[in-house]
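Working notes, beginning with the structure itself.
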Amino acid sequence: MEFDCLGLNHRRINEKIRWAISKGKERIILTNVNGQRYIASGLKAEVRINIRGTPGNDLAAFMDGPVIEVEGNAQDAIGNTMNQGKVVVRGDAGDVLGYGMRGGRLYILGDVGYRVGIHMKAYKDLLPILIAGGAAKDYLGEYMAGGIIILLGLTTNRSIIGNYVGSGMHGGVIYIRGKVKKYQLGREVGIRKWTEIDDKILDKYLGEYCHDFNLNFKKIRKKKFTKLAPVSYRPYGKFYAY
Amino acid sequence: MNRIFPRIPSGCSVAGILNENGKRMSGNRIIRSISVMHERANGLGGGFAGYGIYPRHKDDYSFHLMYDDEEAKRNTEDHLKESFEIVEEEIIPTRPVEEVTQRPLLWRYFLQVKPEIKKLYYDLTENDIVVKIVMHINARIRGAFVVSSGKNMGVFKGVGFPEDIAKFYRIEEYEAYLWTAHGRFPTNTPGWWGGAHPFGLLDWTLVHNGEISSYGINKRYLEGFGYQLMLQTDSEAVLYLFDLLLRRHGLPIEMVCRILAAPFWSEIERMPEETRRVMEAIRMVYGSALINGPSSLIIGYSRGMLGLNDRVKLRPLMAARKGETFYLASEECGIREVCPRPDEIWSPAAGEPAIGELKEGLS
């Protein structure tokens with residue numbers, strides 16, 4: 001089912017999506033999307049939504065299950081507190097992606113902005129995965145509490161991360177394809193030894209990512225990754241206790 | 001004009017469109033660009049700045065004024081007449097819009113500084129004289145505010161959503177080679193007509209999304225140079241900093257951006273020797289001009305426009321180019337609305353200006 005979103009506000013779009021789902025539709029196409037916020041937010045369903053245009057902030061916020069494909073770029077705060085489901089973006093995405101995300105997948109083909117994966121968290125069988133094919137700006141994985149971030153840097157030969165990576169991080173893991181410099185890291189994160197589990201994680205999720213975007217997995221996987229994890233699970237445990 | 005509307009906290013929207021060949025375009029495109037970001041505003045302020053809108057008066061200072069009442073108008077005009085020849089004056093044309101309430105009297109003047117005043121203040125430039133007069137009106141004349149004071153440009157603003165303010169001022173009837181716009185969502189300061197953006201002084205205009213936590217330091221610093229901060233909003237300080245650093249201190253625009261959004265000391269330490277020493281000097285001399293806190297802003301001036309983020313990127317800003325047109329907007333949708341397929345589109349990095357200017361030889 002296809003909806004032309006030209007001139008529609010986010011409420012109308014979400015009403016249309018819910019109506020289509022109630023009619024048993026499993027595939028929805030939204031055309032002429034430009035800047036409407038909160039698309040598919042809080043949506044709990046088995047449905048694929050294809051978005052043509054530029055969806056607005058908080059795409060898939062609190063989403064619980066659907067698969068969303070964005071043909072162009074996405075704006076800020078995609079997957080805010082997302083629970084389950086998947087968002088695939090074939091362009092770039094903005095700042096604070098996956099803010100407090102606690103499950104599901106966020107796969108971006110291009111570059112991403114500042115504070116990506118801020119305060120992502122995991123709980124029991126919920127494990128959020130965020131993969132970006134390009135470069136990220138400062139504060140990647142800020143205050144991260146759980147989950148997995150993978151950054152590939154396929155779009156640039158220069159440094160693929162900004163500074164203050166993992167500032168305040170106290171859980172989860174970040175994989176950077178290539179090397180990082182010590183000064184780029186926040187105080188609460190360190191470079192960790194590679195184990196078999198890391199290989200398994202990369203094979204599984206990066207494999208799926210490469211499949212989704214039709215990328216050469218072997219070639220991408222061949223380069224050495226750096227693994228970053230927190231140095232403490234309670235970095236501020238004694239902050240107020242002297 | 002002095003009615004204070006209640007405040008509800010959140011963000012703002014900014015947008016700008018520049019034709020680098022100086023070709024003028026109607027206000028329609030900037031209205032669409034700012035309106036698509038409706039969610040960022042809350043109806044407590046909207047406004048537009050247009051450059052190239054008064055070609056018949058391109059050598060006159062055009063003053064846009066807001067008055068509470070006839071008395072404020074009389075007092076202001078008496079003051080203007082002391083220093084200026086009034087070439088022409090008229091009411092700013094508006095149309096009634098239901099959503100736009102409590103409007104002040106809106107007047108515009110095309111002015112020339114009197115020769116005897118230039119002689120009297122032989123140690124000041126014409127621009128210095130104009131700034132002195134603007135500051136005097138804003139600080140001393142009750143119920144009067146100068147909204148803009150540059151040449152061949154003007155600011156149109158008020159309390160309302162930008163699309164309603166556009167209707168009210170008939171923005172689509174003006175043609176400009178550079179437009180900037182703002183949708184306001186005031187955070188720490190009240191919504192009122194004079195506090196809407198853009199802010200204007202000479203040909204500088206500012207639209208700003210954010211809040212300036214260094215306002216106290218910036219204000220004291222600016223007061224030392226004769227600026228009076230009277231508009232009950234922090235954003236005003238940024239405008240005067242640009243005027244001070246660019247026009248009066250004659251610094252290059254890139255350096256001004258490095259002053260306002262200075263790199264961290266830890267970054268400076270890693271710079272090559274020569275750059276490091278320049279940056280250290282800048283931070284020491286201009287420490288009080290550093291603006292701290294979340295910001296994305298657009299500065300308009302007669303030659304172009306500049307977009308700038310704060311140094312840790314706590315507010316959004318996108319830039320794009322298509323042929324001879326340069327775009328800035330808080331969100332990508334603000335650009336795509338009027339330019340669906342730009343040649344390039346990017347998010348300027350923290351503290352890194354995105355600048356578009358008229359081609360050489362154009363003015």
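Letters for chains follow the order of the structure tokens (A, B, ...), residue numbers begin at 1 for each chain, and ligand numbers begin at 1 in the order shown.
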**Request:** Return as an MDAnalysis selection string the residues belonging to chain A that are within 12 Å of chain B, counting only C-alpha atoms.
**Result:** chainID A and resid 6:10 32:38 53:57 72:77 91:96 110:115 136:139 162:164 183:184
Could you please take those selected residues and save N, CA and C atoms as a tab-separated table (two decimals), in the first residue's frame?
chain	number	residue	atom	x	y	z
A	6	LEU	N	2.99	14.13	0.76
A	6	LEU	CA	3.17	15.55	0.46
A	6	LEU	C	2.17	16.39	1.26
A	7	GLY	N	2.68	17.28	2.07
A	7	GLY	CA	1.82	18.19	2.82
A	7	GLY	C	1.11	17.57	4.03
A	8	LEU	N	1.33	16.27	4.28
A	8	LEU	CA	0.69	15.65	5.45
A	8	LEU	C	1.57	15.86	6.68
A	9	ASN	N	0.95	16.10	7.83
A	9	ASN	CA	1.76	16.16	9.04
A	9	ASN	C	1.94	14.76	9.63
A	10	HIS	N	2.80	14.66	10.64
A	10	HIS	CA	3.18	13.33	11.12
A	10	HIS	C	2.00	12.55	11.68
A	32	ASN	N	7.21	11.05	-1.04
A	32	ASN	CA	7.22	12.50	-0.79
A	32	ASN	C	7.28	12.85	0.69
A	33	VAL	N	8.03	12.07	1.45
A	33	VAL	CA	8.21	12.40	2.86
A	33	VAL	C	9.25	13.51	2.93
A	34	ASN	N	8.98	14.57	3.69
A	34	ASN	CA	10.00	15.60	3.90
A	34	ASN	C	9.88	16.24	5.27
A	35	GLY	N	10.66	15.72	6.21
A	35	GLY	CA	10.78	16.36	7.51
A	35	GLY	C	9.74	15.98	8.53
A	36	GLN	N	8.75	15.15	8.18
A	36	GLN	CA	7.74	14.79	9.18
A	36	GLN	C	8.39	13.94	10.27
A	37	ARG	N	8.17	14.35	11.50
A	37	ARG	CA	8.80	13.67	12.63
A	37	ARG	C	8.01	12.43	13.07
A	38	TYR	N	8.62	11.66	13.94
A	38	TYR	CA	7.95	10.57	14.69
A	38	TYR	C	7.32	9.49	13.80
A	53	GLY	N	12.22	9.88	0.42
A	53	GLY	CA	12.33	11.27	0.83
A	53	GLY	C	13.18	11.36	2.08
A	54	THR	N	13.02	12.44	2.82
A	54	THR	CA	13.82	12.67	4.02
A	54	THR	C	12.91	12.67	5.25
A	55	PRO	N	12.85	11.56	5.98
A	55	PRO	CA	12.01	11.54	7.18
A	55	PRO	C	12.59	12.45	8.26
A	56	GLY	N	11.73	13.00	9.09
A	56	GLY	CA	12.17	13.94	10.12
A	56	GLY	C	12.72	13.27	11.36
A	57	ASN	N	12.98	14.08	12.38
A	57	ASN	CA	13.60	13.61	13.62
A	57	ASN	C	12.74	12.56	14.31
A	72	GLY	N	16.64	7.75	1.15
A	72	GLY	CA	17.57	8.88	1.12
A	72	GLY	C	18.31	9.04	2.43
A	73	ASN	N	18.52	10.28	2.85
A	73	ASN	CA	19.16	10.56	4.13
A	73	ASN	C	18.10	10.60	5.23
A	74	ALA	N	18.57	10.42	6.45
A	74	ALA	CA	17.67	10.58	7.59
A	74	ALA	C	18.20	11.72	8.45
A	75	GLN	N	17.36	12.29	9.28
A	75	GLN	CA	17.78	13.42	10.13
A	75	GLN	C	18.27	12.93	11.50
A	76	ASP	N	17.97	13.68	12.54
A	76	ASP	CA	18.51	13.38	13.87
A	76	ASP	C	17.63	12.41	14.66
A	77	ALA	N	18.26	11.78	15.64
A	77	ALA	CA	17.56	10.99	16.66
A	77	ALA	C	16.71	9.85	16.11
A	91	GLY	N	21.29	6.36	2.90
A	91	GLY	CA	22.10	7.58	2.79
A	91	GLY	C	22.83	7.84	4.09
A	92	ASP	N	22.97	9.14	4.45
A	92	ASP	CA	23.61	9.53	5.71
A	92	ASP	C	22.54	9.69	6.79
A	93	ALA	N	22.99	9.79	8.02
A	93	ALA	CA	22.06	10.09	9.11
A	93	ALA	C	22.72	11.11	10.03
A	94	GLY	N	21.91	11.76	10.85
A	94	GLY	CA	22.40	12.91	11.63
A	94	GLY	C	22.90	12.58	13.02
A	95	ASP	N	22.63	13.48	13.96
A	95	ASP	CA	23.14	13.38	15.33
A	95	ASP	C	22.24	12.51	16.21
A	96	VAL	N	22.77	12.19	17.38
A	96	VAL	CA	22.07	11.40	18.42
A	96	VAL	C	21.25	10.22	17.87
A	110	GLY	N	25.76	5.37	4.98
A	110	GLY	CA	26.70	6.47	4.84
A	110	GLY	C	27.27	6.96	6.16
A	111	ASP	N	27.54	8.29	6.21
A	111	ASP	CA	28.14	8.91	7.39
A	111	ASP	C	27.08	9.18	8.46
A	112	VAL	N	27.54	9.31	9.68
A	112	VAL	CA	26.64	9.65	10.78
A	112	VAL	C	27.22	10.84	11.55
A	113	GLY	N	26.40	11.46	12.37
A	113	GLY	CA	26.79	12.72	13.01
A	113	GLY	C	27.38	12.57	14.40
A	114	TYR	N	27.03	13.51	15.26
A	114	TYR	CA	27.57	13.58	16.62
A	114	TYR	C	26.72	12.76	17.59
A	115	ARG	N	27.38	12.24	18.64
A	115	ARG	CA	26.68	11.53	19.74
A	115	ARG	C	25.86	10.36	19.24
A	136	ALA	N	31.98	8.73	11.69
A	136	ALA	CA	31.16	9.34	12.73
A	136	ALA	C	31.88	10.57	13.26
A	137	LYS	N	31.12	11.50	13.81
A	137	LYS	CA	31.74	12.69	14.42
A	137	LYS	C	31.98	12.44	15.92
A	138	ASP	N	32.24	13.50	16.67
A	138	ASP	CA	32.62	13.38	18.09
A	138	ASP	C	31.55	12.68	18.94
A	139	TYR	N	32.01	12.18	20.09
A	139	TYR	CA	31.13	11.61	21.14
A	139	TYR	C	30.39	10.36	20.70
A	162	GLY	N	35.51	10.92	15.47
A	162	GLY	CA	35.91	12.21	16.02
A	162	GLY	C	36.63	11.98	17.34
A	163	ASN	N	36.52	12.95	18.24
A	163	ASN	CA	37.13	12.84	19.55
A	163	ASN	C	36.11	12.46	20.61
A	164	TYR	N	36.62	12.18	21.81
A	164	TYR	CA	35.77	11.85	22.97
A	164	TYR	C	34.89	10.63	22.71
A	183	TYR	N	44.24	9.88	21.92
A	183	TYR	CA	43.58	11.15	22.28
A	183	TYR	C	42.14	11.23	21.79
A	184	GLN	N	41.76	10.33	20.88
A	184	GLN	CA	40.38	10.35	20.38
A	184	GLN	C	39.40	9.71	21.37
Which residues are close to Thr94 in chain B, i.e. within 9 Å by only C-alpha atoms, leaving aside same-chain residues fewer than 3 positions away? Reply as a CSV table (one decimal) with C-alpha atoms, in the first residue's frame.
chain,number,residue,atom,x,y,z
B,91,ILE,CA,4.4,52.7,7.3
B,97,VAL,CA,-3.7,38.0,10.0
B,106,LEU,CA,5.7,49.5,12.2
B,167,LYS,CA,1.6,36.6,5.6
B,168,PHE,CA,1.4,39.6,7.9
B,169,TYR,CA,4.4,41.4,6.4
B,170,ARG,CA,3.6,40.3,2.8
**Request:** Write out as a PyMOL selection string each polymer residue whose atoms come within 8 Å of range 125-131 of chain B, counting only C-alpha atoms; drop sequence neighbours fewer than 4 positions from it.
**Result:** chain B and resi 113+118+121+135+149+201-202
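Distance annotation: of A:Arg192, A:Lys179, A:Lys16, A:Lys86, the residue with the minimal separation from Asp4 in chain A is A:Lys16; atom set is only C-alpha atoms.
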**Request:** Check the DSSP output for the backbone and give back, as number ranges by chain, the residues of range 29-240 of chain B in helix (DSSP H, G or I).
**Result:** B: 29-35, 38-40, 55-57, 70-83, 115-120, 126-140, 162-169, 171-173, 193-195, 215-223, 235-240
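Closest approach to Gly171 in chain A from the set A:Lys121, A:Lys222, A:Lys23, A:Arg12 is made by A:Lys121, with distances taken over only C-alpha atoms.
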**Asked** Please, which residues of range 51-237 of chain A, numbered as in this document, come out strand (DSSP E or B) from DSSP, as an MDAnalysis selection string?
**Response** chainID A and resid 51:54 64:70 84:89 105:108 123 126 129:132 145:151 165 171:177 185 189:191 225:230
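Atom to atom, CA of Ser235 in chain B and CA of Ile212 in chain B stand 7.1 Å apart.
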**Request:** Find the distance between CA of Gly293 in chain B and CA of Thr233 in chain B and write it in Å to one decimal.
**Result:** 14.2 Å
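Remark: for Ile174 in chain A, the closest of the candidate residues A:Ile197, A:Ala229, A:Leu126, A:Ala145 is A:Ala229 (distances computed over only C-alpha atoms).
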**Request:** Can you pull out every residue within 6 Å of Glu142 in chain A, counting only C-alpha atoms, but drop anything in the same chain fewer than 2 positions away, and send it as JSON, numbers by chain?
**Result:** {"A": [118, 139, 140, 144, 166, 167, 168, 169]}
Go ahead and save the residues from that selection, with C-alpha atoms, as a PDB file, in the first residue's frame.
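Output (result.pdb):
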ATOM      1  CA  ILE A 118      24.324   7.905  23.085  1.00  0.00           C
ATOM      2  CA  TYR A 139      31.127  11.611  21.143  1.00  0.00           C
ATOM      3  CA  LEU A 140      30.414   8.262  19.490  1.00  0.00           C
ATOM      4  CA  MET A 144      26.819   3.978  26.357  1.00  0.00           C
ATOM      5  CA  GLY A 166      32.924   6.547  24.515  1.00  0.00           C
ATOM      6  CA  SER A 167      32.942   9.417  27.020  1.00  0.00           C
ATOM      7  CA  GLY A 168      31.098   8.193  30.100  1.00  0.00           C
ATOM      8  CA  MET A 169      30.726   4.733  28.572  1.00  0.00           C
TER       9      MET A 169
END
